[in-house]
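For reference, query-v4.pdb is printed below; it contains PDB, C-alpha atoms, pLDDT in the B column.
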MODEL        1
ATOM      1  CA  MET A   1      67.528 137.115 105.148  1.00 45.00           C
ATOM      2  CA  PRO A   2      68.274 134.152 107.475  1.00 57.00           C
ATOM      3  CA  LEU A   3      71.478 134.246 109.473  1.00 59.00           C
ATOM      4  CA  GLN A   4      74.259 132.224 107.804  1.00 72.00           C
ATOM      5  CA  LEU A   5      76.392 130.637 110.503  1.00 79.00           C
ATOM      6  CA  ARG A   6      80.111 130.270 109.825  1.00 87.00           C
ATOM      7  CA  VAL A   7      82.530 128.937 112.372  1.00 93.00           C
ATOM      8  CA  ILE A   8      86.266 129.589 112.238  1.00 94.00           C
ATOM      9  CA  VAL A   9      88.456 126.688 113.334  1.00 96.00           C
ATOM     10  CA  VAL A  10      92.096 127.560 113.944  1.00 96.00           C
ATOM     11  CA  GLY A  11      94.548 124.717 113.445  1.00 94.00           C
ATOM     12  CA  ALA A  12      94.394 121.790 111.006  1.00 95.00           C
ATOM     13  CA  GLY A  13      95.663 119.204 113.460  1.00 92.00           C
ATOM     14  CA  PRO A  14      93.490 116.241 114.455  1.00 91.00           C
ATOM     15  CA  VAL A  15      91.265 118.265 116.803  1.00 93.00           C
ATOM     16  CA  GLY A  16      90.683 121.082 114.306  1.00 96.00           C
ATOM     17  CA  LEU A  17      89.964 118.687 111.451  1.00 97.00           C
ATOM     18  CA  VAL A  18      87.564 116.611 113.565  1.00 97.00           C
ATOM     19  CA  ALA A  19      85.782 119.773 114.783  1.00 97.00           C
ATOM     20  CA  ALA A  20      85.470 121.089 111.222  1.00 98.00           C
ATOM     21  CA  SER A  21      84.191 117.700 110.029  1.00 98.00           C
ATOM     22  CA  LEU A  22      81.554 117.554 112.759  1.00 97.00           C
ATOM     23  CA  LEU A  23      80.355 121.088 112.014  1.00 96.00           C
ATOM     24  CA  VAL A  24      80.129 120.485 108.267  1.00 96.00           C
ATOM     25  CA  GLU A  25      78.224 117.261 108.963  1.00 95.00           C
ATOM     26  CA  GLU A  26      75.666 119.391 110.827  1.00 94.00           C
ATOM     27  CA  GLY A  27      75.334 121.770 107.890  1.00 94.00           C
ATOM     28  CA  ILE A  28      77.387 124.569 109.444  1.00 95.00           C
ATOM     29  CA  ALA A  29      79.848 126.393 107.193  1.00 97.00           C
ATOM     30  CA  VAL A  30      83.439 126.305 108.415  1.00 97.00           C
ATOM     31  CA  THR A  31      86.616 128.190 107.630  1.00 96.00           C
ATOM     32  CA  LEU A  32      89.629 126.158 108.725  1.00 97.00           C
ATOM     33  CA  VAL A  33      92.802 128.230 109.175  1.00 97.00           C
ATOM     34  CA  GLU A  34      96.266 126.667 109.419  1.00 96.00           C
ATOM     35  CA  SER A  35      99.509 128.654 109.589  1.00 95.00           C
ATOM     36  CA  SER A  36     101.552 125.884 107.968  1.00 94.00           C
ATOM     37  CA  VAL A  37     101.475 125.744 104.156  1.00 96.00           C
ATOM     38  CA  ASP A  38     100.958 121.972 104.402  1.00 93.00           C
ATOM     39  CA  LEU A  39      99.067 119.808 106.831  1.00 91.00           C
ATOM     40  CA  PRO A  40     101.126 119.218 109.979  1.00 83.00           C
ATOM     41  CA  ARG A  41     103.127 115.975 109.762  1.00 85.00           C
ATOM     42  CA  ASP A  42     105.033 116.315 112.995  1.00 80.00           C
ATOM     43  CA  LEU A  43     105.240 113.312 115.256  1.00 71.00           C
ATOM     44  CA  ARG A  44     102.863 113.565 118.154  1.00 77.00           C
ATOM     45  CA  ALA A  45     100.620 110.794 119.400  1.00 82.00           C
ATOM     46  CA  SER A  46     100.492 107.605 117.383  1.00 87.00           C
ATOM     47  CA  THR A  47      97.945 105.484 119.231  1.00 93.00           C
ATOM     48  CA  PHE A  48      94.188 105.522 118.807  1.00 96.00           C
ATOM     49  CA  HIS A  49      92.111 103.864 121.522  1.00 95.00           C
ATOM     50  CA  PRO A  50      88.751 102.090 121.113  1.00 97.00           C
ATOM     51  CA  PRO A  51      86.462 105.059 121.975  1.00 96.00           C
ATOM     52  CA  THR A  52      88.348 107.328 119.581  1.00 96.00           C
ATOM     53  CA  LEU A  53      88.103 104.803 116.759  1.00 98.00           C
ATOM     54  CA  ASP A  54      84.376 104.425 117.469  1.00 98.00           C
ATOM     55  CA  MET A  55      83.956 108.217 117.262  1.00 96.00           C
ATOM     56  CA  LEU A  56      85.948 108.458 114.018  1.00 97.00           C
ATOM     57  CA  GLU A  57      83.871 105.740 112.349  1.00 97.00           C
ATOM     58  CA  ARG A  58      81.219 108.305 111.378  1.00 96.00           C
ATOM     59  CA  PHE A  59      83.724 109.917 108.981  1.00 97.00           C
ATOM     60  CA  GLY A  60      84.513 106.684 107.135  1.00 96.00           C
ATOM     61  CA  VAL A  61      88.258 106.930 107.814  1.00 97.00           C
ATOM     62  CA  VAL A  62      88.874 104.063 110.240  1.00 98.00           C
ATOM     63  CA  GLY A  63      89.254 101.406 107.544  1.00 98.00           C
ATOM     64  CA  SER A  64      92.015 103.409 105.859  1.00 98.00           C
ATOM     65  CA  MET A  65      93.670 104.043 109.220  1.00 98.00           C
ATOM     66  CA  ILE A  66      93.699 100.310 109.946  1.00 98.00           C
ATOM     67  CA  GLU A  67      95.237  99.623 106.505  1.00 98.00           C
ATOM     68  CA  GLN A  68      98.016 102.129 107.275  1.00 97.00           C
ATOM     69  CA  GLY A  69      98.511 101.174 110.914  1.00 97.00           C
ATOM     70  CA  LEU A  70      99.118  98.283 113.247  1.00 97.00           C
ATOM     71  CA  ILE A  71      96.480  96.697 115.483  1.00 98.00           C
ATOM     72  CA  CYS A  72      97.669  96.119 119.057  1.00 96.00           C
ATOM     73  CA  PRO A  73      95.508  93.716 121.077  1.00 96.00           C
ATOM     74  CA  THR A  74      96.953  94.716 124.458  1.00 94.00           C
ATOM     75  CA  TRP A  75      97.701  97.837 126.422  1.00 89.00           C
ATOM     76  CA  GLN A  76     100.566  97.777 128.896  1.00 92.00           C
ATOM     77  CA  PHE A  77     101.738  99.919 131.756  1.00 92.00           C
ATOM     78  CA  ARG A  78     105.477  99.769 132.289  1.00 93.00           C
ATOM     79  CA  ASP A  79     107.861 100.937 134.956  1.00 95.00           C
ATOM     80  CA  ARG A  80     111.398 101.923 134.023  1.00 94.00           C
ATOM     81  CA  ASN A  81     112.858  99.690 136.728  1.00 95.00           C
ATOM     82  CA  GLU A  82     110.332  96.861 137.020  1.00 93.00           C
ATOM     83  CA  GLY A  83     109.253  96.517 133.395  1.00 95.00           C
ATOM     84  CA  ILE A  84     105.669  95.490 132.684  1.00 95.00           C
ATOM     85  CA  VAL A  85     103.392  96.351 135.610  1.00 95.00           C
ATOM     86  CA  ALA A  86     100.019  95.548 134.009  1.00 96.00           C
ATOM     87  CA  THR A  87      98.732  94.209 130.693  1.00 95.00           C
ATOM     88  CA  PHE A  88      95.154  94.775 129.560  1.00 94.00           C
ATOM     89  CA  GLU A  89      93.617  92.374 127.048  1.00 96.00           C
ATOM     90  CA  LEU A  90      91.503  94.737 124.962  1.00 96.00           C
ATOM     91  CA  SER A  91      89.523  91.880 123.413  1.00 95.00           C
ATOM     92  CA  ARG A  92      87.501  91.916 126.657  1.00 96.00           C
ATOM     93  CA  LEU A  93      85.969  95.180 125.409  1.00 96.00           C
ATOM     94  CA  ARG A  94      84.364  93.417 122.425  1.00 96.00           C
ATOM     95  CA  PRO A  95      80.779  93.800 123.768  1.00 96.00           C
ATOM     96  CA  ASP A  96      81.312  97.546 124.274  1.00 96.00           C
ATOM     97  CA  THR A  97      83.184  98.689 121.141  1.00 97.00           C
ATOM     98  CA  ASN A  98      83.592  97.967 117.454  1.00 96.00           C
ATOM     99  CA  HIS A  99      87.346  98.287 117.982  1.00 98.00           C
ATOM    100  CA  PRO A 100      88.572  96.050 120.845  1.00 98.00           C
ATOM    101  CA  TYR A 101      92.200  97.025 120.281  1.00 97.00           C
ATOM    102  CA  ARG A 102      94.556 100.006 120.052  1.00 97.00           C
ATOM    103  CA  LEU A 103      95.622 101.203 116.640  1.00 98.00           C
ATOM    104  CA  GLN A 104      99.173 102.406 116.065  1.00 96.00           C
ATOM    105  CA  CYS A 105      98.774 104.981 113.303  1.00 96.00           C
ATOM    106  CA  GLU A 106     100.360 108.428 113.178  1.00 94.00           C
ATOM    107  CA  GLN A 107      97.997 111.354 113.757  1.00 93.00           C
ATOM    108  CA  TRP A 108      99.037 113.009 110.501  1.00 93.00           C
ATOM    109  CA  ARG A 109      97.517 110.071 108.618  1.00 95.00           C
ATOM    110  CA  LEU A 110      94.158 110.824 110.226  1.00 96.00           C
ATOM    111  CA  GLY A 111      94.673 114.482 109.295  1.00 95.00           C
ATOM    112  CA  GLU A 112      95.182 113.642 105.636  1.00 96.00           C
ATOM    113  CA  LEU A 113      92.082 111.452 105.558  1.00 97.00           C
ATOM    114  CA  LEU A 114      89.878 114.112 107.159  1.00 97.00           C
ATOM    115  CA  TYR A 115      91.367 116.841 104.952  1.00 97.00           C
ATOM    116  CA  ALA A 116      90.516 114.797 101.852  1.00 97.00           C
ATOM    117  CA  ARG A 117      86.884 114.647 103.002  1.00 95.00           C
ATOM    118  CA  LEU A 118      86.707 118.366 103.781  1.00 97.00           C
ATOM    119  CA  LYS A 119      88.504 119.901 100.806  1.00 95.00           C
ATOM    120  CA  ASP A 120      85.703 119.128  98.337  1.00 92.00           C
ATOM    121  CA  ASN A 121      82.851 119.987 100.700  1.00 96.00           C
ATOM    122  CA  PRO A 122      81.162 123.268  99.706  1.00 97.00           C
ATOM    123  CA  LEU A 123      80.593 124.107 103.394  1.00 97.00           C
ATOM    124  CA  ALA A 124      84.330 123.971 104.142  1.00 98.00           C
ATOM    125  CA  THR A 125      86.822 126.685 103.276  1.00 97.00           C
ATOM    126  CA  ILE A 126      90.413 125.703 104.040  1.00 97.00           C
ATOM    127  CA  ARG A 127      93.136 128.322 104.295  1.00 97.00           C
ATOM    128  CA  LEU A 128      96.593 126.757 104.574  1.00 97.00           C
ATOM    129  CA  GLY A 129      99.510 129.130 105.055  1.00 97.00           C
ATOM    130  CA  THR A 130      97.225 131.546 106.883  1.00 96.00           C
ATOM    131  CA  LYS A 131      98.001 132.657 110.406  1.00 95.00           C
ATOM    132  CA  ALA A 132      95.156 133.584 112.753  1.00 93.00           C
ATOM    133  CA  ILE A 133      96.100 136.823 114.502  1.00 93.00           C
ATOM    134  CA  ALA A 134      92.844 137.679 116.269  1.00 88.00           C
ATOM    135  CA  VAL A 135      89.239 136.560 116.221  1.00 79.00           C
ATOM    136  CA  ARG A 136      86.128 138.398 117.277  1.00 79.00           C
ATOM    137  CA  GLN A 137      82.436 137.751 116.928  1.00 75.00           C
ATOM    138  CA  ASN A 138      80.643 140.359 114.853  1.00 72.00           C
ATOM    139  CA  ARG A 139      77.058 139.204 115.385  1.00 67.00           C
ATOM    140  CA  ARG A 140      75.099 138.471 118.492  1.00 66.00           C
ATOM    141  CA  LEU A 141      73.449 135.059 118.291  1.00 61.00           C
ATOM    142  CA  GLY A 142      70.303 134.067 120.078  1.00 58.00           C
TER     143      GLY A 142
ENDMDL
END
Represent the supplied structure as structure tokens.
Amino acid sequence: MPLQLRVIVVGAGPVGLVAASLLVEEGIAVTLVESSVDLPRDLRASTFHPPTLDMLERFGVVGSMIEQGLICPTWQFRDRNEGIVATFELSRLRPDTNHPYRLQCEQWRLGELLYARLKDNPLATIRLGTKAIAVRQNRRLG
């Protein structure tokens, strides 16, 4: 019988959901474990930069993120005393990215979009309200 790979991903935040999505895309079964009974909706980062948006495009979620967010054409560095120190016009990145802007959109919105894609995928098992206590590998691979 061929070896059936299954990867356990702990945490259904943006990183866990992206990792699970990538693995499922490659045909690898995933169990996603999250201690919270709902997807995390806490406020963390709220800005997505061009390379991140380019990476997320493969999941078909960027259009929905843009609809729910705010496109920001510049990126500024500020000093508490001096104010704006530098402003970057992101439109100059147009030859290098499909998204020459920053997108203000809460991370939990991305989480909900990725969760919606995963929950009906037969390769993904999602366990909300389940705390990971310990993990060990029970088979030697390779």
Distance query region 105-110 of chain A at most 7 Å, all atoms listed in the file, self and fewer than 4 positions along chain excluded, as a compact mmCIF listing (two decimals) with C-alpha atoms, keeping the file's coordinate frame:
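Everything below was put into out_5.txt:
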# COMPACT_ATOMS: atom_id res chain seq x y z
CA PRO A 14 93.49 116.24 114.46
CA PRO A 40 101.13 119.22 109.98
CA ARG A 41 103.13 115.98 109.76
CA ARG A 44 102.86 113.56 118.15
CA ALA A 45 100.62 110.79 119.40
CA SER A 46 100.49 107.60 117.38
CA THR A 47 97.94 105.48 119.23
CA MET A 65 93.67 104.04 109.22
CA GLN A 68 98.02 102.13 107.28
CA GLY A 69 98.51 101.17 110.91
CA LEU A 70 99.12 98.28 113.25
CA LEU A 114 89.88 114.11 107.16
From CA of Tyr115 (chain A) to CA of Val7 (chain A) the spacing works out at 16.7 Å
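One distance worth recording is that between CA of Phe88 (chain A) and CA of Thr74 (chain A), which is 5.4 Å.
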*Can you list what the PyMOL selection byres ((chain A and resi 52) around 12) grabs from this structure, as a PyMOL selection string?*
chain A and resi 14-15+18+47-51+53-59+61-62+97-103+107+110
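Taking CA of Gln76 (chain A) and CA of Gly63 (chain A) as endpoints, the distance between them is 24.4 Å.
Among A:Ile28, A:Gly111, A:Asn138, A:Thr87, the residue with the shortest atom-to-atom distance to Asp42 (chain A), counting only C-alpha atoms, is A:Gly111.
Each of A:Val33, A:Arg78, A:Ile66, A:Arg6 was checked against Ala132 (chain A) using only C-alpha atoms; the smallest atom-to-atom distance is that of A:Val33.
Between Glu67 (chain A) and the candidates A:Pro122, A:Thr31, A:Gln104, A:Ala20, the tightest atom-to-atom separation, counting all atoms listed in the file, involves A:Gln104.
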Spell out the residues picked by the PyMOL selection byres ((chain A and resi 131) around 9) here, as number ranges by chain.
A: 10, 33-36, 127-130, 132-133
Report as an NGL selection string all protein, DNA and RNA residues lying within 12 Å of Ala29 (chain A), evaluated on only C-alpha atoms, omitting residues in the same chain fewer than 2 positions from it. :A and (3-9 or 19-27 or 31-32 or 118 or 121-126)
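If only C-alpha atoms are the atoms counted, then among A:Val37, A:Arg136, A:Gly60, A:Val30 the closest residue to Arg117 (chain A) is A:Gly60.
For the point (96.9, 120.2, 109.7) in file coordinates, the residues within 6 Å, using all atoms listed in the file, are Ala12, Gly13, Leu39 and Pro40 of chain A.
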Output file: region 49-128 of chain A, C-alpha atoms, as a PDB file, in the first residue's frame:
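The resulting selection.pdb:
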ATOM      1  CA  HIS A  49       2.139  44.423   0.025  1.00  0.00           C
ATOM      2  CA  PRO A  50       2.598  43.721  -3.702  1.00  0.00           C
ATOM      3  CA  PRO A  51       4.604  40.453  -3.396  1.00  0.00           C
ATOM      4  CA  THR A  52       2.094  39.036  -0.921  1.00  0.00           C
ATOM      5  CA  LEU A  53      -0.836  39.893  -3.175  1.00  0.00           C
ATOM      6  CA  ASP A  54       0.996  38.288  -6.108  1.00  0.00           C
ATOM      7  CA  MET A  55       1.515  35.115  -4.043  1.00  0.00           C
ATOM      8  CA  LEU A  56      -2.129  35.016  -2.919  1.00  0.00           C
ATOM      9  CA  GLU A  57      -3.410  35.350  -6.488  1.00  0.00           C
ATOM     10  CA  ARG A  58      -3.054  31.587  -7.011  1.00  0.00           C
ATOM     11  CA  PHE A  59      -5.871  31.018  -4.489  1.00  0.00           C
ATOM     12  CA  GLY A  60      -8.339  33.313  -6.255  1.00  0.00           C
ATOM     13  CA  VAL A  61      -8.903  35.478  -3.166  1.00  0.00           C
ATOM     14  CA  VAL A  62      -7.278  38.781  -4.131  1.00  0.00           C
ATOM     15  CA  GLY A  63     -10.317  40.133  -5.977  1.00  0.00           C
ATOM     16  CA  SER A  64     -12.495  39.644  -2.896  1.00  0.00           C
ATOM     17  CA  MET A  65      -9.812  41.194  -0.696  1.00  0.00           C
ATOM     18  CA  ILE A  66      -9.709  44.268  -2.933  1.00  0.00           C
ATOM     19  CA  GLU A  67     -13.527  44.549  -2.773  1.00  0.00           C
ATOM     20  CA  GLN A  68     -13.347  44.484   1.042  1.00  0.00           C
ATOM     21  CA  GLY A  69     -10.262  46.665   1.402  1.00  0.00           C
ATOM     22  CA  LEU A  70      -8.725  49.952   0.399  1.00  0.00           C
ATOM     23  CA  ILE A  71      -6.011  50.373  -2.233  1.00  0.00           C
ATOM     24  CA  CYS A  72      -3.159  52.643  -1.121  1.00  0.00           C
ATOM     25  CA  PRO A  73      -0.927  53.885  -3.950  1.00  0.00           C
ATOM     26  CA  THR A  74       1.899  55.045  -1.671  1.00  0.00           C
ATOM     27  CA  TRP A  75       3.954  53.746   1.200  1.00  0.00           C
ATOM     28  CA  GLN A  76       5.306  56.222   3.726  1.00  0.00           C
ATOM     29  CA  PHE A  77       7.908  56.194   6.440  1.00  0.00           C
ATOM     30  CA  ARG A  78       7.150  58.607   9.249  1.00  0.00           C
ATOM     31  CA  ASP A  79       9.026  59.943  12.225  1.00  0.00           C
ATOM     32  CA  ARG A  80       7.139  60.908  15.365  1.00  0.00           C
ATOM     33  CA  ASN A  81       8.842  64.302  15.486  1.00  0.00           C
ATOM     34  CA  GLU A  82       9.520  65.099  11.829  1.00  0.00           C
ATOM     35  CA  GLY A  83       6.446  63.571  10.204  1.00  0.00           C
ATOM     36  CA  ILE A  84       6.809  62.080   6.733  1.00  0.00           C
ATOM     37  CA  VAL A  85      10.417  61.080   6.044  1.00  0.00           C
ATOM     38  CA  ALA A  86       9.915  59.251   2.729  1.00  0.00           C
ATOM     39  CA  THR A  87       7.046  58.458   0.366  1.00  0.00           C
ATOM     40  CA  PHE A  88       7.256  55.629  -2.156  1.00  0.00           C
ATOM     41  CA  GLU A  89       5.059  55.756  -5.254  1.00  0.00           C
ATOM     42  CA  LEU A  90       4.168  52.092  -5.682  1.00  0.00           C
ATOM     43  CA  SER A  91       2.946  52.625  -9.247  1.00  0.00           C
ATOM     44  CA  ARG A  92       6.641  52.497 -10.217  1.00  0.00           C
ATOM     45  CA  LEU A  93       6.476  48.754  -9.497  1.00  0.00           C
ATOM     46  CA  ARG A  94       3.958  48.208 -12.317  1.00  0.00           C
ATOM     47  CA  PRO A  95       6.449  46.314 -14.555  1.00  0.00           C
ATOM     48  CA  ASP A  96       7.311  43.949 -11.685  1.00  0.00           C
ATOM     49  CA  THR A  97       3.946  43.135 -10.059  1.00  0.00           C
ATOM     50  CA  ASN A  98       0.266  42.721 -10.813  1.00  0.00           C
ATOM     51  CA  HIS A  99      -0.431  44.785  -7.695  1.00  0.00           C
ATOM     52  CA  PRO A 100       1.495  48.100  -7.727  1.00  0.00           C
ATOM     53  CA  TYR A 101      -0.079  49.244  -4.465  1.00  0.00           C
ATOM     54  CA  ARG A 102      -0.619  48.256  -0.829  1.00  0.00           C
ATOM     55  CA  LEU A 103      -3.970  46.853   0.179  1.00  0.00           C
ATOM     56  CA  GLN A 104      -5.494  47.777   3.526  1.00  0.00           C
ATOM     57  CA  CYS A 105      -7.548  44.710   4.415  1.00  0.00           C
ATOM     58  CA  GLU A 106      -7.668  42.964   7.785  1.00  0.00           C
ATOM     59  CA  GLN A 107      -5.907  39.595   7.961  1.00  0.00           C
ATOM     60  CA  TRP A 108      -9.035  37.882   9.267  1.00  0.00           C
ATOM     61  CA  ARG A 109     -10.732  38.629   5.943  1.00  0.00           C
ATOM     62  CA  LEU A 110      -8.013  36.670   4.155  1.00  0.00           C
ATOM     63  CA  GLY A 111      -8.498  33.895   6.720  1.00  0.00           C
ATOM     64  CA  GLU A 112     -12.203  33.636   5.971  1.00  0.00           C
ATOM     65  CA  LEU A 113     -11.585  33.504   2.227  1.00  0.00           C
ATOM     66  CA  LEU A 114      -8.964  30.757   2.521  1.00  0.00           C
ATOM     67  CA  TYR A 115     -11.100  28.826   5.021  1.00  0.00           C
ATOM     68  CA  ALA A 116     -14.017  28.884   2.571  1.00  0.00           C
ATOM     69  CA  ARG A 117     -11.771  27.304  -0.073  1.00  0.00           C
ATOM     70  CA  LEU A 118     -10.425  24.643   2.289  1.00  0.00           C
ATOM     71  CA  LYS A 119     -13.559  23.542   4.135  1.00  0.00           C
ATOM     72  CA  ASP A 120     -15.052  21.734   1.128  1.00  0.00           C
ATOM     73  CA  ASN A 121     -11.781  20.227  -0.088  1.00  0.00           C
ATOM     74  CA  PRO A 122     -11.655  16.464   0.567  1.00  0.00           C
ATOM     75  CA  LEU A 123      -7.904  16.699   1.274  1.00  0.00           C
ATOM     76  CA  ALA A 124      -8.459  19.170   4.126  1.00  0.00           C
ATOM     77  CA  THR A 125      -9.678  18.255   7.591  1.00  0.00           C
ATOM     78  CA  ILE A 126     -10.298  21.287   9.796  1.00  0.00           C
ATOM     79  CA  ARG A 127     -10.563  20.939  13.557  1.00  0.00           C
ATOM     80  CA  LEU A 128     -11.679  24.178  15.211  1.00  0.00           C
TER      81      LEU A 128
END
